[in-house]
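*Asks:* The structure follows.
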Amino acid sequence: MPNSDGRAILHVDMDAFYASVEEFDDPTLAGQAVIVGGLGNRGVVSTANYEARRFGVHSAMPMARARRLCPGARFLRPRPARYREVSASVFSVFREFTPLFEGLSLDEAFLDIGQSIRLFGPPDVIAEEIRRRIRSRTGLTASVGVAHNKFLAKLASDVRKPDGMFVVEPGRVREFLDPMPVERLWGIGKCTAPKLRQIGVLTVGQLRRSEPALLQQALGNRVQHFLRLARGEDDRPVQPDRPDKSISNEQTFEVSLTSRDALLAELLGQAENVAGRLRTRQLLARTLTVKIRDDRFRTVTRSKSMVAPSNSTLTLYRLARALLMRWRGEHSATPVRLLGIGVTGLEGDEGAGHLAGDSADDNAARRVDRVFDSINRRYAGGVVHGKTLKREK
Ligand SMILES: [Mg+2]
């Protein structure tokens, strides 16, 4: 798709995201109306699947009303940890096409793929490939809008929803925008739309052709802004998410720990937690810090950089263990009140676990990581230690 200023923007939006994750995880929900949200008296609908939407249920609706409209639906409490995990898989697909992506929420992002066209093909091809990879990796469908700016891309992702793709060609912006109700313009809501209606402006096309002086009554000093939107103009850049600077995990104990085994078991759990989060976000860490507070509230930190950046549980654990044991050598039986692991110097894991020249040891550690990750996925939040600890000794 050629465009006016060399920009090609995708808006990727997962279809009925929370409800789709629930349906994927629980096949007994197939074909049923599914409503995810707060189940209490004051609960609000987070997401309704398409079956439930047929009954008029939509997000942000009070749950009490959703129950009246669609009493036969399956009502589910949200599982944010699970949605974050699926979201990480979705965003890992974006990273394969461009570093320039901006997440709007767990299930929605803008991608600037202007520089990716040379490598991966035209925007519509990239959009379809992203949809295909999301589906094969998560089992879920996404809809994509393609345009030369964010505003149009966002509107376009709705056109073929669910499970569709739509391209706004630069030469057909008017055709695309003019018939839309003015409410589709960002910033025109419940307050402004009635004022526009009063002066006979119902569609984007009518707004675009109106005299600025007339529009002033309804839009005040934002007239030029809305006229630009009505012409499909939007020059805001895609602003990539800032990467995390550090990841850490620490624990204060009700009863201070003194035994070596208890300390190491705790340390392994923390290494799993931190390394797992690095892997989920496809990051590697350069430096590891162990934080120790004794029962007299003296806090020390010990840091060491790794030979090569890593996100392996065993690599992080071994380094943390060496740092902890050195401290312990100087403070033999001092009870430990707080123990923590943090990593800094984060960078993208470009090889995503397929670096050349891996030693057999690294490959074994990676297999262990995959096992941990799959266990953690199945038992959200729960981590298995102990067995690895014994093997380590
Ligand atoms: Mg969505």
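Numbering starts fresh at 1 for the residues of each chain in the structure tokens, the chains themselves are lettered A, B, ... in the order given, and ligands are numbered from 1 as they appear.
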Using only C-alpha atoms, which residues sit within 9 Å of A:Glu85 once same-chain residues fewer than 4 positions away are excluded, as an MDAnalysis selection string?
*Replies:* chainID A and resid 80:81 89:90 280 377
*Asks:* Fewer than 2 positions away in the same chain doesn't count, so skip those; otherwise give me all residues within 10 Å of stretch 94-106 of chain A, counting only C-alpha atoms, as an MDAnalysis selection string.
*Replies:* chainID A and resid 9:14 17:18 80 83:92 108:117 119:120 126:127 129:130 133:134 237:242 282 348 350
*Asks:* May I have the residues within 8 Å of A:Ile292 as a list in words, using only C-alpha atoms and disregarding those fewer than 5 positions away in the same chain?
*Replies:*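 Near neighbours after the sequence-gap exclusion: Thr299, Val300, Thr301, Val336, Arg337, Leu338, Leu339 and Gly340 of chain A.
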*Asks:* Pull C-alpha atoms from the residues just selected and write them as a compact mmCIF listing (two decimals), in the first residue's frame.
*Replies:*
# COMPACT_ATOMS: atom_id res chain seq x y z
CA THR A 299 20.34 -4.62 54.50
CA VAL A 300 23.06 -5.53 52.05
CA THR A 301 22.95 -5.96 48.29
CA VAL A 336 17.64 -13.71 57.26
CA ARG A 337 14.51 -11.62 57.49
CA LEU A 338 14.21 -10.63 53.86
CA LEU A 339 15.63 -12.15 50.71
CA GLY A 340 15.28 -10.87 47.16
*Asks:* Which residue is closest to A:Lys245? Choose from A:Leu314, A:Leu324, A:Leu39, A:Ala285 and count only C-alpha atoms.
*Replies:*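 For A:Lys245, the nearest of the given residues is A:Ala285.
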*Asks:* Using only C-alpha atoms, which protein or nucleic acid residues come within 8 Å of stretch 201-208 of chain A? Drop anything in the same chain fewer than 2 positions from it, and give the result as a list in words.
*Replies:*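 Near neighbours after the sequence-gap exclusion: Arg174, Leu177, Asp178, Pro179, Met180, Pro181, Val182, Leu185, Ala193, Leu196, Arg197, Gln198, Ile199, Ser210, Leu215, Leu227, Ala230 and Arg231 of chain A.
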*Asks:* Could you write out that same residue set with C-alpha atoms as a compact mmCIF listing (two decimals), in the first residue's frame?
*Replies:*
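This went into selection07.txt:
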# COMPACT_ATOMS: atom_id res chain seq x y z
CA ARG A 174 -13.26 10.35 2.19
CA LEU A 177 -14.90 8.41 6.65
CA ASP A 178 -17.74 10.48 5.25
CA PRO A 179 -20.64 8.09 6.00
CA MET A 180 -19.51 7.45 9.59
CA PRO A 181 -21.46 9.00 12.47
CA VAL A 182 -19.56 11.91 14.05
CA LEU A 185 -14.22 10.85 15.84
CA ALA A 193 -22.69 14.88 19.56
CA LEU A 196 -23.59 18.86 16.43
CA ARG A 197 -26.95 17.26 15.77
CA GLN A 198 -28.61 20.59 16.57
CA ILE A 199 -26.73 22.24 13.73
CA SER A 210 -19.39 22.57 7.43
CA LEU A 215 -19.04 24.44 14.05
CA LEU A 227 -11.82 19.19 10.90
CA ALA A 230 -12.77 14.56 9.56
CA ARG A 231 -10.30 14.84 6.67
*Asks:* Choose the residue, out of A:Ser248, A:Asp294, A:Glu272, A:Arg321, that has the smallest atom-to-atom separation from A:Thr344; count only C-alpha atoms.
*Replies:*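 Closest candidate: A:Ser248.
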*Asks:* Excluding A:Leu69 and residues on its chain fewer than 6 positions from it, collect all residues at most 7 Å away from it, counting only C-alpha atoms, and give them as a VMD selection string.
*Replies:* chain A and resid 55 to 57
*Asks:* What is the distance between atom CA of A:Glu266 and atom CA of A:Leu288, in Å to one decimal?
*Replies:*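 Taking atom CA of A:Glu266 as the start and atom CA of A:Leu288 as the end point, the length is 16.0 Å.
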*Asks:* Using backbone DSSP assignments, extract all strand (DSSP E or B) residues from stretch 4-189 of chain A; output them as JSON, numbers by chain.
*Replies:* {"A": [9, 10, 11, 12, 13, 14, 34, 35, 36, 37, 44, 45, 46, 47, 48, 62, 74, 75, 76, 101, 102, 103, 104, 105, 108, 109, 110, 111, 112, 142, 143, 144, 145, 146, 147, 165, 166, 167, 181]}
*Asks:* Out of A:Ile188, A:Ala8, A:Val125, A:Val255, which residue has the shortest atom-to-atom distance to A:Phe226 when counting only C-alpha atoms?
*Replies:*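 The answer is A:Ile188, which sits nearest to A:Phe226.
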